[in-house]
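Chemist: Here's a structure for you.
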Amino acid sequence: MHGEVPMGKPRQSQIMTMVRESGYLDVSTLADSFGVDQSTIRRDLMKMERAGLVARNHGGVSVPEPDLAGDTAFSVKERRYHREKEAIGAAMAERIGPGQTVLLDSGSTTLEVARHLAGHHGLTLITNDLRIGVEIAGHPNAHVVVLGGELLPNVYTLWGNNAIAQLGKLKVDVAVFGCDAVNADGITNTNGYEVELKRTMHEVAAASFLVADSSKFERQALFPVIPLEDMTAGITDELFDPIVAASYPIPIIRVAVG
């Protein structure tokens with residue numbers, strides 16, 4: 001058992017106290033501490049994460065890092081759930097064939113997709129993300145297109161009328177989207193700057209995939225972007241409840257995290 005379990009408070013409140021004291025606790029330790037099974041603890045942690053009280057990582061939970069300047073800085077996003085994002089990126093890359101034209105939305109998870117496309121041949125890769133642009137610039141045998149526009153602070157995203165006009169002239173095989181939050185209704189964003197650009201990305205693509213770690217699911221941000229039923233499929237990690245995943249209007253592929 002992990003130390004003394006605080007008495008006289010609801011379990012989620014006790015978990016919060018223990019996580020603050022330890023910094024990080026794994027699910028098995030919490031389950032042993034409270035004498036319940038791990039699925040019960042995972043349900044607690046999912047509810048607590050939705051409330052912004054904790055940050056779930058593969059196999060455990062920690063205190064969430066604060067947002068910077070309204071939007072979470074990219075350096076913070078990249079560290080969160082990194083192993084999950086790597087696994088999701090690899091699974092998405094496996095679904096992209098040689099010679100395809102691929103549009104990569106901005107974000108830390110789509111960056112992992114870009115990294116796993118390095119071994120593919122004959123791709124045309126398009127993005128509005130400066131970090132992804134630098135990553136794919138080094139891919140051999142890839143034709144790279146970076147959309148022009150204004151830079152969104154903290155997150156390396158290019159947006160605006162120029163980017164939308166440039167994108168509207170293109171046709172792509174696959175668009176890969178990140179998101180701030182997603183539920184059965186659709187993907188949503190914390191800011192409105194990128195919404196029109198993302199919708200245009202979807203319009204010019206023959207297939208649209210969502211890549212998002214399990215912490216993004218069963219949540220809703222302020223600005224609706226794309227209805228989920230209009231997308232092809234989603235890829236997430238194994239921590240997302242399979243029963244909830246099965247209730248979504250598109251296939252949600254859950255991948256193991258090594």
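Ordered as shown in the structure tokens, chains take letters A, B, and onward, while each chain numbers its residues from 1 and ligands are numbered from 1 in the order shown.
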Fewer than 5 positions away in the same chain doesn't count, so skip those; otherwise give me all residues within 8 Å of region 163-179 of chain A, counting only C-alpha atoms, as a VMD selection string.

Modeler: chain A and resid 96 100 to 107 109 to 110 128 147 to 149 158 187 to 189 196 to 197 200 to 202 204 to 212 216

Chemist: DSSP on the backbone: which residues in region 83-232 of chain A end up as alpha helix (DSSP H)? Give the answer as a VMD selection string.

Modeler: chain A and resid 83 to 94 108 to 116 130 to 137 161 to 167 195 to 203

Chemist: Rounded to one decimal, what separation in Å do you get between CA of Ile136 (chain A) and CA of His121 (chain A)?

Modeler: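 Atom-to-atom, CA of Ile136 (chain A) and CA of His121 (chain A) are spaced 12.3 Å apart.
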
Chemist: One decimal, in Å: what's the spacing between CA of Phe217 (chain A) and CA of Leu53 (chain A)?

Modeler: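 CA of Leu53 (chain A) lies at a distance of 15.7 Å from CA of Phe217 (chain A).
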
Chemist: I'd like the interatomic distance between CA of Met18 (chain A) and CA of Ser62 (chain A), to a tenth of an Å.

Modeler: 9.9 Å

Chemist: Which neighbours of Ser215 (chain A) fall inside 9 Å, counting only C-alpha atoms, when residues of the same chain fewer than 2 positions from it are skipped, and could you give them as a PDB file with N, CA, C and O atoms, in the first residue's frame?

Modeler:
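Output file around.pdb follows:
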ATOM      1  N   MET A  46     -10.404   9.373 -15.097  1.00  0.00           N
ATOM      2  CA  MET A  46     -10.983   9.992 -16.283  1.00  0.00           C
ATOM      3  C   MET A  46     -11.876  11.164 -15.885  1.00  0.00           C
ATOM      4  O   MET A  46     -11.834  12.242 -16.482  1.00  0.00           O
ATOM      5  N   GLU A  49      -9.692  14.023 -14.686  1.00  0.00           N
ATOM      6  CA  GLU A  49      -9.001  14.711 -15.774  1.00  0.00           C
ATOM      7  C   GLU A  49      -9.937  15.647 -16.513  1.00  0.00           C
ATOM      8  O   GLU A  49      -9.552  16.765 -16.888  1.00  0.00           O
ATOM      9  N   ARG A  50     -11.186  15.211 -16.735  1.00  0.00           N
ATOM     10  CA  ARG A  50     -12.167  16.079 -17.398  1.00  0.00           C
ATOM     11  C   ARG A  50     -12.374  17.371 -16.611  1.00  0.00           C
ATOM     12  O   ARG A  50     -12.632  18.428 -17.175  1.00  0.00           O
ATOM     13  N   ALA A  55      -3.559  14.992 -14.687  1.00  0.00           N
ATOM     14  CA  ALA A  55      -3.186  14.651 -16.067  1.00  0.00           C
ATOM     15  C   ALA A  55      -2.862  13.168 -16.109  1.00  0.00           C
ATOM     16  O   ALA A  55      -1.985  12.701 -15.373  1.00  0.00           O
ATOM     17  N   ARG A  56      -3.595  12.425 -16.935  1.00  0.00           N
ATOM     18  CA  ARG A  56      -3.331  10.987 -17.061  1.00  0.00           C
ATOM     19  C   ARG A  56      -2.162  10.742 -17.997  1.00  0.00           C
ATOM     20  O   ARG A  56      -2.060  11.354 -19.059  1.00  0.00           O
ATOM     21  N   ASN A  57      -1.289   9.827 -17.611  1.00  0.00           N
ATOM     22  CA  ASN A  57      -0.216   9.349 -18.451  1.00  0.00           C
ATOM     23  C   ASN A  57      -0.384   7.840 -18.569  1.00  0.00           C
ATOM     24  O   ASN A  57      -1.180   7.246 -17.847  1.00  0.00           O
ATOM     25  N   TYR A  81       1.861  12.963 -22.455  1.00  0.00           N
ATOM     26  CA  TYR A  81       1.423  11.735 -23.123  1.00  0.00           C
ATOM     27  C   TYR A  81       2.315  11.392 -24.314  1.00  0.00           C
ATOM     28  O   TYR A  81       1.844  10.946 -25.356  1.00  0.00           O
ATOM     29  N   ALA A 181     -10.130  18.820 -28.138  1.00  0.00           N
ATOM     30  CA  ALA A 181     -11.090  17.961 -27.445  1.00  0.00           C
ATOM     31  C   ALA A 181     -11.956  17.268 -28.492  1.00  0.00           C
ATOM     32  O   ALA A 181     -12.120  17.766 -29.608  1.00  0.00           O
ATOM     33  N   ALA A 212      -5.496  11.516 -31.666  1.00  0.00           N
ATOM     34  CA  ALA A 212      -5.595  12.200 -30.373  1.00  0.00           C
ATOM     35  C   ALA A 212      -5.415  11.190 -29.246  1.00  0.00           C
ATOM     36  O   ALA A 212      -5.980  10.095 -29.308  1.00  0.00           O
ATOM     37  N   ASP A 213      -4.634  11.556 -28.243  1.00  0.00           N
ATOM     38  CA  ASP A 213      -4.488  10.660 -27.096  1.00  0.00           C
ATOM     39  C   ASP A 213      -5.788  10.628 -26.296  1.00  0.00           C
ATOM     40  O   ASP A 213      -6.666  11.479 -26.465  1.00  0.00           O
ATOM     41  N   PHE A 217     -10.479  12.738 -25.278  1.00  0.00           N
ATOM     42  CA  PHE A 217     -11.802  12.203 -25.563  1.00  0.00           C
ATOM     43  C   PHE A 217     -12.803  12.468 -24.432  1.00  0.00           C
ATOM     44  O   PHE A 217     -12.416  12.643 -23.272  1.00  0.00           O
ATOM     45  N   GLU A 218     -14.083  12.482 -24.832  1.00  0.00           N
ATOM     46  CA  GLU A 218     -15.192  12.750 -23.906  1.00  0.00           C
ATOM     47  C   GLU A 218     -15.062  14.133 -23.285  1.00  0.00           C
ATOM     48  O   GLU A 218     -15.441  14.358 -22.142  1.00  0.00           O
ATOM     49  N   ARG A 219     -14.531  15.059 -24.075  1.00  0.00           N
ATOM     50  CA  ARG A 219     -14.401  16.449 -23.658  1.00  0.00           C
ATOM     51  C   ARG A 219     -14.909  17.349 -24.771  1.00  0.00           C
ATOM     52  O   ARG A 219     -15.088  16.910 -25.907  1.00  0.00           O
ATOM     53  N   LEU A 239      -5.869   3.475 -23.426  1.00  0.00           N
ATOM     54  CA  LEU A 239      -6.518   3.898 -22.193  1.00  0.00           C
ATOM     55  C   LEU A 239      -7.953   4.379 -22.412  1.00  0.00           C
ATOM     56  O   LEU A 239      -8.718   4.484 -21.466  1.00  0.00           O
ATOM     57  N   PHE A 240      -8.306   4.667 -23.645  1.00  0.00           N
ATOM     58  CA  PHE A 240      -9.680   5.097 -23.916  1.00  0.00           C
ATOM     59  C   PHE A 240     -10.608   3.893 -23.786  1.00  0.00           C
ATOM     60  O   PHE A 240     -10.360   2.840 -24.365  1.00  0.00           O
TER      61      PHE A 240
END

Chemist: What's around Gly133 (chain A) at 10 Å? Count only C-alpha atoms, leave out sequence neighbours fewer than 4 positions away in its own chain, and write the answer as a compact mmCIF listing (two decimals) with all heavy atoms, in the first residue's frame.

Modeler:
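Done, and the output landed in result.txt:
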# COMPACT_ATOMS: atom_id res chain seq x y z
N LEU A 104 -1.09 17.38 -43.10
CA LEU A 104 -0.90 17.24 -41.66
C LEU A 104 -1.30 18.53 -40.95
O LEU A 104 -0.67 19.57 -41.13
CB LEU A 104 0.55 16.90 -41.34
CG LEU A 104 1.05 15.55 -41.89
CD1 LEU A 104 2.56 15.45 -41.74
CD2 LEU A 104 0.37 14.39 -41.17
N SER A 106 -1.79 21.00 -37.65
CA SER A 106 -0.80 21.37 -36.64
C SER A 106 -1.03 20.59 -35.35
O SER A 106 -2.14 20.17 -35.04
CB SER A 106 -0.86 22.87 -36.36
OG SER A 106 -2.13 23.21 -35.83
N LEU A 111 2.72 15.86 -35.30
CA LEU A 111 4.18 15.87 -35.44
C LEU A 111 4.73 14.45 -35.34
O LEU A 111 5.65 14.08 -36.08
CB LEU A 111 4.80 16.78 -34.38
CG LEU A 111 6.34 16.81 -34.33
CD1 LEU A 111 6.93 17.28 -35.65
CD2 LEU A 111 6.82 17.69 -33.18
N ALA A 114 4.25 12.76 -38.59
CA ALA A 114 5.28 13.21 -39.53
C ALA A 114 6.59 12.47 -39.31
O ALA A 114 7.25 12.04 -40.27
CB ALA A 114 5.49 14.72 -39.39
N LEU A 125 3.78 15.93 -48.85
CA LEU A 125 3.39 16.26 -47.48
C LEU A 125 3.12 17.75 -47.38
O LEU A 125 3.96 18.58 -47.74
CB LEU A 125 4.50 15.86 -46.50
CG LEU A 125 4.88 14.37 -46.50
CD1 LEU A 125 6.07 14.12 -45.58
CD2 LEU A 125 3.70 13.52 -46.08
N ILE A 126 1.94 18.09 -46.88
CA ILE A 126 1.49 19.47 -46.77
C ILE A 126 1.16 19.75 -45.32
O ILE A 126 0.53 18.93 -44.64
CB ILE A 126 0.23 19.71 -47.63
CG1 ILE A 126 0.47 19.26 -49.08
CG2 ILE A 126 -0.21 21.17 -47.59
CD1 ILE A 126 -0.81 19.05 -49.87
N THR A 127 1.56 20.92 -44.82
CA THR A 127 1.25 21.26 -43.43
C THR A 127 1.15 22.76 -43.22
O THR A 127 1.68 23.55 -44.02
CB THR A 127 2.32 20.67 -42.48
OG1 THR A 127 1.88 20.82 -41.11
CG2 THR A 127 3.66 21.36 -42.66
N ASN A 128 0.49 23.15 -42.14
CA ASN A 128 0.46 24.55 -41.71
C ASN A 128 1.19 24.71 -40.38
O ASN A 128 0.98 25.69 -39.67
CB ASN A 128 -0.99 25.03 -41.55
CG ASN A 128 -1.72 24.35 -40.40
OD1 ASN A 128 -1.57 23.14 -40.20
ND2 ASN A 128 -2.51 25.10 -39.66
N ASP A 129 2.06 23.76 -40.05
CA ASP A 129 2.77 23.74 -38.77
C ASP A 129 4.27 23.87 -39.04
O ASP A 129 4.85 23.04 -39.74
CB ASP A 129 2.46 22.43 -38.04
CG ASP A 129 3.02 22.40 -36.63
OD1 ASP A 129 4.25 22.55 -36.49
OD2 ASP A 129 2.26 22.17 -35.68
N ALA A 137 10.95 18.42 -43.89
CA ALA A 137 11.95 18.93 -44.83
C ALA A 137 13.13 17.96 -44.95
O ALA A 137 13.78 17.91 -45.99
CB ALA A 137 12.43 20.31 -44.39
N GLY A 138 13.37 17.18 -43.90
CA GLY A 138 14.47 16.23 -43.92
C GLY A 138 14.09 14.85 -44.41
O GLY A 138 14.94 13.96 -44.47
N VAL A 144 7.49 18.57 -50.30
CA VAL A 144 7.00 19.26 -49.11
C VAL A 144 6.37 20.59 -49.48
O VAL A 144 6.95 21.38 -50.23
CB VAL A 144 8.15 19.48 -48.10
CG1 VAL A 144 7.66 20.31 -46.91
CG2 VAL A 144 8.72 18.15 -47.63
N VAL A 145 5.16 20.84 -48.96
CA VAL A 145 4.47 22.11 -49.14
C VAL A 145 4.09 22.65 -47.76
O VAL A 145 3.41 21.96 -47.00
CB VAL A 145 3.19 21.95 -50.00
CG1 VAL A 145 2.46 23.29 -50.11
CG2 VAL A 145 3.52 21.38 -51.37
N VAL A 146 4.54 23.86 -47.45
CA VAL A 146 4.17 24.52 -46.19
C VAL A 146 3.24 25.68 -46.52
O VAL A 146 3.59 26.57 -47.29
CB VAL A 146 5.41 25.01 -45.43
CG1 VAL A 146 4.98 25.74 -44.14
CG2 VAL A 146 6.32 23.84 -45.08
N LEU A 147 2.04 25.65 -45.95
CA LEU A 147 1.06 26.70 -46.20
C LEU A 147 1.52 28.01 -45.58
O LEU A 147 2.02 28.04 -44.45
CB LEU A 147 -0.30 26.30 -45.62
CG LEU A 147 -0.91 25.01 -46.15
CD1 LEU A 147 -2.18 24.67 -45.39
CD2 LEU A 147 -1.19 25.10 -47.64
N TYR A 156 3.30 27.27 -33.09
CA TYR A 156 3.94 27.08 -34.40
C TYR A 156 2.94 26.90 -35.54
O TYR A 156 3.28 26.36 -36.58
CB TYR A 156 4.90 25.88 -34.36
CG TYR A 156 6.03 26.05 -33.39
CD1 TYR A 156 5.92 25.59 -32.07
CD2 TYR A 156 7.22 26.67 -33.76
CE1 TYR A 156 6.96 25.76 -31.17
CE2 TYR A 156 8.26 26.83 -32.86
CZ TYR A 156 8.11 26.38 -31.57
OH TYR A 156 9.15 26.55 -30.68

Chemist: So, with only C-alpha atoms as the atoms that count, which of A:Ile226, A:Ile235, A:Leu25, A:Ala246 lies closest to Glu94 (chain A)?

Modeler: A:Ile235

Chemist: Taking 2 positions as the minimum chain separation for residues in the same chain, which residues sit within 8 Å of Pro227 (chain A) when counting only C-alpha atoms? Answer as a VMD selection string.

Modeler: chain A and resid 185 to 187 224 to 225 229 to 231

Chemist: For Pro98 (chain A), which residue out of A:Thr124, A:Ser39, A:Arg115, A:Lys85 is the nearest one, using only C-alpha atoms?

Modeler: A:Thr124

Chemist: Neighbours of Tyr24 (chain A) within 8 Å (only C-alpha atoms; same-chain residues fewer than 3 positions away dropped), as a PyMOL selection string?

Modeler: chain A and resi 19-20+60-63

Chemist: Could you save those same residues with N, CA and C atoms as a PDB file, in the first residue's frame?

Modeler:
ATOM      1  N   VAL A  19      -1.760  12.374  -5.079  1.00  0.00           N
ATOM      2  CA  VAL A  19      -1.016  12.755  -6.286  1.00  0.00           C
ATOM      3  C   VAL A  19      -0.235  14.042  -6.046  1.00  0.00           C
ATOM      4  N   ARG A  20      -0.853  14.988  -5.347  1.00  0.00           N
ATOM      5  CA  ARG A  20      -0.139  16.238  -5.043  1.00  0.00           C
ATOM      6  C   ARG A  20       1.096  15.979  -4.182  1.00  0.00           C
ATOM      7  N   GLY A  60      -0.570   5.759 -15.320  1.00  0.00           N
ATOM      8  CA  GLY A  60      -0.573   6.512 -14.076  1.00  0.00           C
ATOM      9  C   GLY A  60      -1.171   7.895 -14.224  1.00  0.00           C
ATOM     10  N   VAL A  61      -0.901   8.734 -13.217  1.00  0.00           N
ATOM     11  CA  VAL A  61      -1.512  10.057 -13.173  1.00  0.00           C
ATOM     12  C   VAL A  61      -0.569  11.023 -12.473  1.00  0.00           C
ATOM     13  N   SER A  62      -0.611  12.295 -12.900  1.00  0.00           N
ATOM     14  CA  SER A  62       0.232  13.314 -12.295  1.00  0.00           C
ATOM     15  C   SER A  62      -0.551  14.614 -12.171  1.00  0.00           C
ATOM     16  N   VAL A  63       0.058  15.602 -11.526  1.00  0.00           N
ATOM     17  CA  VAL A  63      -0.552  16.922 -11.429  1.00  0.00           C
ATOM     18  C   VAL A  63      -0.430  17.602 -12.786  1.00  0.00           C
TER      19      VAL A  63
END

Chemist: With DSSP run on the backbone, what are the strand (DSSP E or B) residues within region 10-164 of chain A? I'd like them as a ChimeraX atom specification.

Modeler: /A:24-26,55-57,60-62,68,71,101-104,124-127,129,143-146,150-152,157-159

Chemist: With a distance cut-off of 8 Å and only C-alpha atoms, select the neighbouring residues of Leu45 (chain A), excluding the residue or stretch itself and same-chain residues fewer than 2 positions from it, and output the selection as a list in words.

Modeler: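 Contacts, with the query itself left out: Gln12, Ile41, Arg42, Arg43, Lys47, Met48, Glu49, Val54, Arg56 and Val61 of chain A.
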
Chemist: Of the residues A:Pro242, A:Thr157, A:Ala142, A:Arg199, which is the one nearest to Ser214 (chain A), using only C-alpha atoms?

Modeler: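 For Ser214 (chain A), the nearest of the candidates is A:Pro242.
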
Chemist: Pick the closest to Asn161 (chain A) from A:Leu30, A:Tyr193, A:Ile243, A:Ile252: which is it, counting only C-alpha atoms?

Modeler: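 Ranking A:Leu30, A:Tyr193, A:Ile243, A:Ile252 by distance to Asn161 (chain A), first place goes to A:Tyr193.
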